[in-house]
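Participant: Take a look at query-v3.txt, compact mmCIF, C-alpha atoms:
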```
# COMPACT_ATOMS: atom_id res chain seq x y z
CA MET Z 244 6.09 -0.60 -22.99
CA GLY Z 245 5.19 -4.28 -23.08
CA LEU Z 246 5.51 -7.25 -20.76
CA SER Z 247 9.06 -7.84 -22.02
CA ASP Z 248 10.16 -4.87 -19.90
CA PHE Z 249 9.26 -6.87 -16.78
CA ASP Z 250 10.59 -10.30 -17.75
CA ASP Z 251 13.65 -9.98 -15.52
CA ARG Z 252 11.60 -9.25 -12.39
CA PHE Z 253 8.39 -11.22 -12.98
CA PRO Z 254 9.16 -13.94 -15.55
CA ARG Z 255 6.44 -16.39 -14.47
CA ILE Z 256 3.70 -13.75 -14.25
CA CYS Z 257 4.65 -12.35 -17.66
CA GLU Z 258 4.55 -15.79 -19.26
CA LEU Z 259 1.18 -16.65 -17.71
CA LEU Z 260 -0.28 -13.40 -19.02
CA ARG Z 261 1.20 -14.03 -22.45
CA GLN Z 262 -0.43 -17.47 -22.47
CA ALA Z 263 -3.77 -15.84 -21.68
CA SER Z 264 -3.14 -13.32 -24.45
CA ARG Z 265 -2.29 -16.01 -27.02
CA ALA Z 266 -5.44 -17.93 -26.11
CA ASN Z 267 -7.47 -14.68 -26.11
CA ARG Z 268 -8.61 -15.42 -22.54
CA LEU Z 269 -8.45 -11.89 -21.20
CA GLY Z 270 -10.24 -11.00 -17.99
CA HIS Z 271 -12.28 -7.83 -17.55
CA ALA Z 272 -10.80 -6.86 -14.15
CA TYR Z 273 -7.34 -7.29 -12.63
CA LEU Z 274 -6.02 -6.47 -9.16
CA LEU Z 275 -2.25 -5.92 -9.20
CA VAL Z 276 -0.71 -6.38 -5.75
CA GLY Z 277 2.87 -5.41 -4.95
CA ASP Z 278 5.12 -3.26 -2.81
CA GLU Z 279 6.04 -0.43 -5.22
CA PRO Z 280 3.17 1.76 -6.50
CA ALA Z 281 5.18 3.06 -9.46
CA THR Z 282 6.07 -0.48 -10.60
CA LEU Z 283 2.46 -1.59 -10.26
CA GLU Z 284 1.17 1.30 -12.36
CA ALA Z 285 3.83 0.76 -15.04
CA PHE Z 286 2.98 -2.96 -15.21
CA ALA Z 287 -0.73 -2.15 -15.42
CA GLN Z 288 -0.12 0.14 -18.40
CA ALA Z 289 2.03 -2.54 -20.05
CA TRP Z 290 -0.86 -5.01 -19.73
CA VAL Z 291 -3.27 -2.42 -21.13
CA GLN Z 292 -0.98 -2.16 -24.16
CA VAL Z 293 -1.05 -5.93 -24.64
CA CYS Z 294 -4.84 -6.02 -24.40
CA ALA Z 295 -5.32 -3.01 -26.70
CA CYS Z 296 -2.74 -4.10 -29.28
CA GLU Z 297 -4.22 -4.84 -32.70
CA GLN Z 298 -1.34 -7.05 -33.89
CA ARG Z 299 -0.02 -8.98 -30.88
CA ASN Z 300 3.10 -10.95 -31.76
CA SER Z 301 3.41 -14.73 -31.65
CA SER Z 302 4.53 -14.67 -27.99
CA GLY Z 303 1.36 -12.87 -26.97
CA ASP Z 304 3.08 -9.54 -26.23
CA ALA Z 305 2.22 -6.15 -27.71
CA CYS Z 306 3.64 -5.43 -31.16
CA GLY Z 307 4.70 -1.89 -30.27
CA GLU Z 308 3.90 -0.66 -33.79
CA CYS Z 309 0.12 -0.49 -34.22
CA LYS Z 310 -1.75 2.74 -33.49
CA PRO Z 311 -2.92 1.79 -29.95
CA CYS Z 312 0.64 0.74 -29.05
CA ARG Z 313 2.06 4.02 -30.33
CA LEU Z 314 -0.56 6.09 -28.52
CA LEU Z 315 0.00 4.23 -25.24
CA ALA Z 316 3.79 4.54 -25.60
CA HIS Z 317 3.36 8.32 -25.76
CA ASN Z 318 0.75 8.46 -22.95
CA ASN Z 319 -1.79 9.67 -25.49
CA TYR Z 320 -4.33 6.83 -25.66
CA PRO Z 321 -7.71 8.59 -25.31
CA GLU Z 322 -9.54 5.45 -24.19
CA LEU Z 323 -7.39 5.05 -21.06
CA GLU Z 324 -8.81 6.61 -17.90
CA ILE Z 325 -6.49 6.78 -14.87
CA LEU Z 326 -7.65 7.68 -11.36
CA ARG Z 327 -5.02 8.38 -8.71
CA PRO Z 328 -5.21 9.85 -5.18
CA ARG Z 329 -4.73 13.53 -5.96
CA SER Z 330 -4.96 15.36 -2.65
CA LYS Z 331 -2.40 15.26 0.12
CA SER Z 332 -4.94 13.38 2.21
CA ARG Z 333 -4.49 10.69 -0.46
CA THR Z 334 -8.10 9.61 -0.54
CA ILE Z 335 -10.22 8.66 -3.54
CA THR Z 336 -13.72 10.02 -3.02
CA VAL Z 337 -17.13 8.77 -4.11
CA ASP Z 338 -17.46 11.76 -6.46
CA GLU Z 339 -14.15 10.88 -8.11
CA ILE Z 340 -15.29 7.28 -8.58
CA ARG Z 341 -18.53 8.47 -10.17
CA GLY Z 342 -16.61 10.73 -12.54
CA PHE Z 343 -14.30 7.84 -13.39
CA GLU Z 344 -17.27 5.55 -14.08
CA HIS Z 345 -18.93 8.21 -16.21
CA ALA Z 346 -15.81 8.53 -18.37
CA LEU Z 347 -15.67 4.75 -18.78
CA GLY Z 348 -19.31 4.66 -19.80
CA LEU Z 349 -18.85 7.01 -22.72
CA THR Z 350 -18.92 5.47 -26.21
CA ALA Z 351 -15.42 4.21 -26.98
CA GLY Z 352 -15.69 3.14 -30.63
CA ARG Z 353 -14.00 -0.07 -31.64
CA ARG Z 354 -10.86 0.33 -29.53
CA LEU Z 355 -10.51 -1.14 -26.05
CA LYS Z 356 -11.55 1.13 -23.19
CA ALA Z 357 -9.34 0.78 -20.09
CA GLY Z 358 -9.78 2.14 -16.58
CA LEU Z 359 -6.92 2.14 -14.06
CA ILE Z 360 -7.31 3.00 -10.38
CA ALA Z 361 -3.85 3.46 -8.91
CA GLU Z 362 -3.48 2.90 -5.15
CA ALA Z 363 -7.02 1.57 -5.03
CA ASP Z 364 -6.76 1.02 -1.26
CA ARG Z 365 -7.16 4.81 -0.94
CA MET Z 366 -10.85 4.36 -1.75
CA GLY Z 367 -12.97 4.50 1.37
CA GLU Z 368 -15.67 1.89 1.93
CA GLN Z 369 -18.32 4.15 0.43
CA ALA Z 370 -16.24 4.71 -2.71
CA GLN Z 371 -15.50 0.99 -3.00
CA ASN Z 372 -19.17 0.14 -2.75
CA ALA Z 373 -19.90 2.70 -5.46
CA PHE Z 374 -17.29 1.05 -7.70
CA LEU Z 375 -18.74 -2.44 -7.22
CA LYS Z 376 -21.49 -1.89 -9.78
CA THR Z 377 -18.91 -1.15 -12.48
CA LEU Z 378 -17.01 -4.31 -11.54
CA GLU Z 379 -20.19 -6.37 -11.64
CA GLU Z 380 -21.58 -4.83 -14.84
CA PRO Z 381 -18.60 -3.55 -16.86
CA THR Z 382 -19.14 -1.61 -20.06
CA ARG Z 383 -18.60 -3.68 -23.21
CA ARG Z 384 -14.94 -3.91 -24.34
CA THR Z 385 -13.73 -2.38 -21.09
CA LEU Z 386 -10.67 -3.47 -19.11
CA LEU Z 387 -10.48 -2.54 -15.42
CA LEU Z 388 -7.24 -2.54 -13.42
CA LEU Z 389 -6.62 -1.74 -9.76
CA THR Z 390 -3.22 -1.49 -8.10
CA THR Z 391 -2.51 -1.69 -4.39
CA THR Z 392 0.25 -2.30 -1.89
CA GLN Z 393 -2.33 -3.01 0.84
CA PRO Z 394 -4.96 -5.41 -0.54
CA ARG Z 395 -6.45 -6.03 2.91
CA ARG Z 396 -7.88 -2.51 2.78
CA LEU Z 397 -10.05 -3.47 -0.17
CA LEU Z 398 -13.46 -5.05 0.41
CA PRO Z 399 -13.59 -8.83 -0.13
CA THR Z 400 -16.26 -8.20 -2.76
CA ILE Z 401 -13.79 -6.04 -4.71
CA ARG Z 402 -11.00 -8.61 -4.49
CA SER Z 403 -13.23 -11.54 -5.43
CA ARG Z 404 -14.34 -9.89 -8.68
CA CYS Z 405 -10.80 -9.35 -9.95
CA GLN Z 406 -8.06 -11.64 -11.19
CA VAL Z 407 -5.25 -11.08 -8.70
CA VAL Z 408 -1.73 -10.63 -10.08
CA SER Z 409 1.02 -10.73 -7.45
CA LEU Z 410 4.00 -8.49 -8.22
CA LEU Z 411 5.55 -8.54 -4.76
CA GLN Z 412 9.30 -7.98 -4.70
CA ASN Z 413 9.73 -8.07 -0.90
CA ARG Z 414 11.05 -4.52 -1.01
CA ASN Z 415 9.75 -1.51 0.89
CA ASP Z 416 11.24 1.89 1.56
CA TYR Z 417 11.59 2.38 5.32
CA THR Z 418 13.47 5.68 5.16
CA PHE Z 419 10.58 7.52 6.78
CA ALA Z 420 10.49 5.08 9.72
CA GLY Z 421 14.26 5.44 10.08
CA GLU Z 422 13.97 9.23 10.20
CA LEU Z 423 11.49 8.85 13.06
CA GLY Z 424 14.18 6.99 15.04
CA LEU Z 425 12.05 3.83 15.06
CA PHE Z 426 14.87 1.33 14.46
CA GLY Z 427 17.08 2.83 17.15
CA LEU Z 428 14.25 2.20 19.63
CA LEU Z 429 13.54 -1.33 18.44
CA ALA Z 430 17.25 -2.20 18.71
CA GLN Z 431 16.93 -1.76 22.47
CA LEU Z 432 14.27 -4.45 22.78
CA SER Z 433 15.57 -7.95 23.44
CA PRO Z 434 14.78 -10.85 25.78
CA GLY Z 435 16.10 -10.14 29.26
CA ALA Z 436 16.47 -6.38 28.76
CA GLY Z 437 14.10 -5.83 31.67
CA ALA Z 438 11.01 -3.81 32.51
CA GLY Z 439 12.85 -0.51 32.78
CA THR Z 440 14.07 -0.67 29.19
CA ALA Z 441 10.69 -1.96 28.00
CA LEU Z 442 8.72 0.91 29.55
CA ARG Z 443 11.21 3.53 28.36
CA VAL Z 444 11.04 2.26 24.78
CA ALA Z 445 7.25 1.94 24.94
CA LYS Z 446 6.99 5.59 25.99
CA SER Z 447 9.22 6.63 23.09
CA LEU Z 448 7.21 4.52 20.63
CA SER Z 449 4.03 6.22 21.87
CA ALA Z 450 5.71 9.56 21.17
CA VAL Z 451 6.51 8.38 17.65
CA LEU Z 452 2.82 7.62 17.06
CA GLY Z 453 1.97 11.01 18.57
CA SER Z 454 4.25 12.67 16.01
CA LEU Z 455 2.34 10.85 13.27
CA ARG Z 456 -0.87 12.47 14.46
CA SER Z 457 0.79 15.88 14.21
CA LYS Z 458 2.06 15.10 10.70
CA ALA Z 459 -1.39 13.90 9.67
CA ALA Z 460 -2.99 17.09 11.01
CA GLU Z 461 -0.46 19.23 9.11
CA THR Z 462 -1.14 17.36 5.87
CA ALA Z 463 -4.89 17.71 6.30
CA ALA Z 464 -4.53 21.42 7.10
CA GLU Z 465 -2.59 21.97 3.88
CA GLU Z 466 -5.60 20.63 2.00
CA THR Z 467 -7.97 23.18 3.52
CA ASP Z 468 -9.43 25.67 1.05
CA ASP Z 469 -9.76 29.01 2.84
CA ARG Z 470 -12.56 30.03 0.50
CA TRP Z 471 -14.86 27.51 2.19
CA ASP Z 472 -14.14 29.10 5.58
CA VAL Z 473 -15.44 32.42 4.31
CA LEU Z 474 -18.62 30.80 3.03
CA ALA Z 475 -19.08 28.90 6.29
CA GLU Z 476 -18.91 31.95 8.56
CA SER Z 477 -22.70 32.30 8.54
CA ASP Z 478 -23.60 28.67 7.83
CA LYS Z 479 -23.31 26.36 10.85
CA ALA Z 480 -24.26 23.28 8.85
CA LEU Z 481 -21.43 23.96 6.41
CA GLN Z 482 -19.05 24.59 9.32
CA LYS Z 483 -19.86 21.19 10.77
CA ARG Z 484 -19.46 19.49 7.39
CA LEU Z 485 -16.05 21.09 6.85
CA GLN Z 486 -14.94 20.08 10.35
CA ASP Z 487 -16.08 16.50 9.78
CA GLU Z 488 -14.24 16.35 6.46
CA GLN Z 489 -11.10 17.74 8.09
CA ARG Z 490 -11.22 15.10 10.85
CA ALA Z 491 -11.77 12.38 8.25
CA ARG Z 492 -8.71 13.52 6.26
CA GLU Z 493 -6.60 13.58 9.42
CA ALA Z 494 -7.76 10.10 10.43
CA ALA Z 495 -7.09 8.64 6.97
CA GLU Z 496 -3.59 10.11 6.80
CA TYR Z 497 -2.79 8.97 10.36
CA LEU Z 498 -3.86 5.40 9.58
CA ARG Z 499 -1.66 5.42 6.47
CA LEU Z 500 1.37 6.61 8.43
CA ARG Z 501 0.72 4.19 11.30
CA GLN Z 502 0.45 1.29 8.86
CA HIS Z 503 3.89 2.20 7.51
CA VAL Z 504 5.34 2.20 11.04
CA SER Z 505 3.63 -1.13 11.81
CA ASP Z 506 5.13 -2.67 8.65
CA ALA Z 507 8.56 -1.36 9.67
CA ILE Z 508 8.27 -2.93 13.15
CA HIS Z 509 7.34 -6.25 11.57
CA ALA Z 510 10.27 -6.01 9.13
CA TRP Z 511 12.70 -5.38 12.01
CA PHE Z 512 11.64 -8.43 14.01
CA LEU Z 513 11.40 -10.60 10.89
CA GLN Z 514 15.03 -9.82 10.11
CA ARG Z 515 16.01 -10.58 13.68
CA TYR Z 516 14.41 -13.98 13.28
CA LEU Z 517 16.22 -14.60 9.99
CA MET Z 518 19.56 -13.64 11.54
CA ALA Z 519 18.91 -15.94 14.50
CA ALA Z 520 18.33 -18.69 11.95
CA GLY Z 521 21.76 -18.03 10.44
CA VAL Z 522 20.89 -15.90 7.42
CA GLU Z 523 23.79 -13.63 6.41
CA THR Z 524 23.17 -9.88 6.69
CA GLU Z 525 23.58 -9.23 2.96
CA LEU Z 526 20.84 -11.79 2.22
CA LEU Z 527 18.22 -10.11 4.43
CA PRO Z 528 15.20 -8.50 2.71
CA HIS Z 529 16.05 -5.07 4.17
CA PRO Z 530 19.64 -5.01 5.48
CA GLU Z 531 19.65 -1.21 5.22
CA ILE Z 532 17.36 -0.79 8.24
CA ILE Z 533 20.09 -2.15 10.50
CA ASP Z 534 22.15 0.92 9.56
CA MET Z 535 19.19 3.16 10.46
CA ALA Z 536 19.45 2.34 14.17
CA ASP Z 537 21.00 5.76 14.88
CA GLY Z 538 24.09 4.50 16.65
CA ALA Z 539 22.18 2.07 18.86
CA ALA Z 540 23.67 -1.30 19.71
CA PRO Z 541 23.84 -3.81 16.82
CA LEU Z 542 20.69 -5.74 16.09
CA PRO Z 543 20.33 -7.96 19.19
CA LEU Z 544 19.78 -11.63 18.59
CA PRO Z 545 17.63 -13.79 20.89
CA PRO Z 546 19.34 -16.91 22.23
CA SER Z 547 17.18 -19.14 19.98
CA CYS Z 548 15.02 -19.14 16.88
CA ASP Z 549 12.10 -20.12 19.11
CA LEU Z 550 12.34 -16.82 21.00
CA ALA Z 551 12.70 -14.89 17.76
CA GLU Z 552 9.61 -16.62 16.42
CA ARG Z 553 7.76 -15.84 19.64
CA ASP Z 554 8.64 -12.15 19.22
CA LEU Z 555 7.30 -12.21 15.67
CA GLU Z 556 4.00 -13.56 17.00
CA LEU Z 557 3.98 -10.74 19.57
CA VAL Z 558 4.45 -8.22 16.75
CA GLU Z 559 1.50 -9.70 14.87
CA GLN Z 560 -0.62 -9.47 18.01
CA LEU Z 561 0.41 -5.82 18.34
CA MET Z 562 -0.57 -5.17 14.71
CA ARG Z 563 -4.01 -6.65 15.32
CA LEU Z 564 -4.45 -4.57 18.46
CA LEU Z 565 -3.45 -1.35 16.70
CA SER Z 566 -6.14 -2.00 14.08
CA THR Z 567 -8.82 -1.80 16.81
CA ASN Z 568 -9.90 1.00 19.11
CA ALA Z 569 -7.78 -0.33 21.99
CA SER Z 570 -5.30 1.96 23.75
CA GLU Z 571 -2.15 2.29 21.66
CA GLU Z 572 -0.09 3.25 24.72
CA LEU Z 573 -1.14 0.19 26.74
CA GLY Z 574 -0.67 -2.08 23.73
CA LEU Z 575 2.89 -0.84 23.18
CA GLU Z 576 3.71 -1.25 26.89
CA ALA Z 577 2.45 -4.82 26.92
CA PHE Z 578 4.35 -5.64 23.74
CA CYS Z 579 7.65 -4.20 24.96
CA LEU Z 580 7.36 -5.87 28.38
CA LEU Z 581 6.76 -9.27 26.80
CA VAL Z 582 9.72 -8.91 24.42
CA CYS Z 583 12.04 -7.76 27.23
CA GLU Z 584 10.95 -10.19 29.96
CA LYS Z 585 13.63 -12.10 31.83
CA ILE Z 586 14.71 -15.41 30.36
CA ASP Z 587 14.62 -18.42 32.65
CA ALA Z 588 18.01 -20.09 32.95
```
Could you quickly redo this structure as structure tokens?

Facilitator:
Amino acid sequence: MGLSDFDDRFPRICELLRQASRANRLGHAYLLVGDEPATLEAFAQAWVQVCACEQRNSSGDACGECKPCRLLAHNNYPELEILRPRSKSRTITVDEIRGFEHALGLTAGRRLKAGLIAEADRMGEQAQNAFLKTLEEPTRRTLLLLTTTQPRRLLPTIRSRCQVVSLLQNRNDYTFAGELGLFGLLAQLSPGAGAGTALRVAKSLSAVLGSLRSKAAETAAEETDDRWDVLAESDKALQKRLQDEQRAREAAEYLRLRQHVSDAIHAWFLQRYLMAAGVETELLPHPEIIDMADGAAPLPLPPSCDLAERDLELVEQLMRLLSTNASEELGLEAFCLLVCEKIDA
């Protein structure tokens, strides 16, 4: 797989990378940002092939015929290390980072050594800090790649040491949010709907977040190894450590799920703004979420773009509040009341 496989979706990015390849100006670390993890990882491996290719063609793309190209095409390139979130808690631990760094530090011969961290935002702050040394002092002839759909979760020091490649396609899968009934609730919020509607929807939205906590706890419980419980029966220190790790897994999974719901709320109100501005339904970024409203009234439009823009600002304020330790319930109530307040004639 080479860059040519992505020309239809990312023509400018592919050409810029080819120019760098032709001029032999290859960076040592790249941060690939987008909205589809699978696409990001596939693109990262395509770029690895270009960088590892021994006979790049005149365009700067991989030849597809040399030994590194053939090995990479068959997922058999021994100098490529890939680290992904493995557990259902979807976290990348400090120990995993250290193992990854150890593998990268091994003698690689004359071929390019490449390290790929998929969904790098799943590294906690401790793991990211541990990875910084590798970014700052990379092993000779080593290419580092990180992929993420949530770059804000990465430390500024991580982002600043990488060349950022934007592969955003403005597409997200909101099926999970639709299954929670989120869009049916949001369809009830509109200027002038009144305090009764606002408080009822806010209560239901709080219940949605409550269900996320339950889902997060279930996922974390599935990751529990019963063998540790047996060992911890007579070791209180180990019991406390296991409990702390369990709470940390639950918290990480809850934050991931809540971020998805927050993104879905923003997408809903963004589309309402676009429709108020006259954009046709089929041209919206995510027209499918309108059909996920579970039989609720059609997507309500505010009487003006100004009100729609105001509601978008309210959503962004809600997102900032949810990222703090403030009360989620009170934040949702305030948000819904402001969206549904009476409109002056």

Participant: Determine, counting all atoms listed in the file, which protein, DNA and RNA residues have an atom within 12 Å of an atom of stretch 251-264 of chain Z; residues of the same chain fewer than 5 positions away are not included. Present the result as number ranges by chain.

Facilitator: Z: 245-246, 269-270, 273, 275, 277, 282-283, 286-287, 289-305, 406-413

Participant: In Å, with one decimal, what is the gap from atom CA of Z:Gly453 to atom CA of Z:Arg553?

Facilitator: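 Atom-to-atom, atom CA of Z:Gly453 to atom CA of Z:Arg553, that is 27.5 Å.
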
Participant: Counting all atoms listed in the file, which of Z:Glu279, Z:Ser403, Z:Ala480, Z:Leu429 gets nearest to Z:Ala441?

Facilitator: Z:Leu429

Participant: Quick one: residues within 8 Å of Z:Glu362, only C-alpha atoms, excluding same-chain residues fewer than 2 positions away - as a ChimeraX atom specification?

Facilitator: /Z:280,327-328,360,364-365,389-392

Participant: Which of these, Z:Lys483, Z:Lys458, Z:Arg265, Z:His271, has the shortest distance to Z:Thr382 once you count only C-alpha atoms?

Facilitator: Z:His271

Participant: I'd like the contact shell of Z:Ala450 - 12 Å cut-off, all atoms listed in the file, skipping same-chain residues fewer than 3 positions apart - returned as a list in words.

Facilitator: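 Near Z:Ala450, the qualifying residues are Leu423, Gly424, Leu425, Leu428, Arg443, Val444, Ala445, Lys446, Ser447, Gly453, Ser454, Leu455, Arg456, Ser457, Glu571, Glu572 and Leu575 of chain Z.
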
Participant: Atom CA of Z:Gln486 and atom CA of Z:Ser449 are how many Å apart?

Facilitator: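 Taking atom CA of Z:Gln486 as the start and atom CA of Z:Ser449 as the end point, the length is 26.2 Å.
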
Participant: To one decimal place, how far is atom CA of Z:Gln393 from atom CA of Z:Met366 in Å?

Facilitator: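 Computing it gives 11.6 Å between the two atoms.
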
Participant: Of the residues Z:Gly421, Z:Asp506, Z:Glu368, Z:Lys376, which is the one nearest to Z:Pro399, using all atoms listed in the file?

Facilitator: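 Nearest to Z:Pro399: Z:Glu368.
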
Participant: Draw an axis-aligned box tight on the listed atoms of stretch 569-587 of chain Z, then pad every side by 5 Å and write out centre and edge lengths in Å to one decimal as lines of an AutoDock Vina configuration file.

Facilitator:
```
center_x = 3.5
center_y = -7.6
center_z = 27.2
size_x = 32.5
size_y = 31.7
size_z = 21.0
```

Participant: Using all atoms listed in the file, pick whichever of Z:Asp549, Z:Glu531, Z:Glu284, Z:Glu556 has the shortest atom-to-atom distance to Z:Tyr417.

Facilitator: Z:Glu531
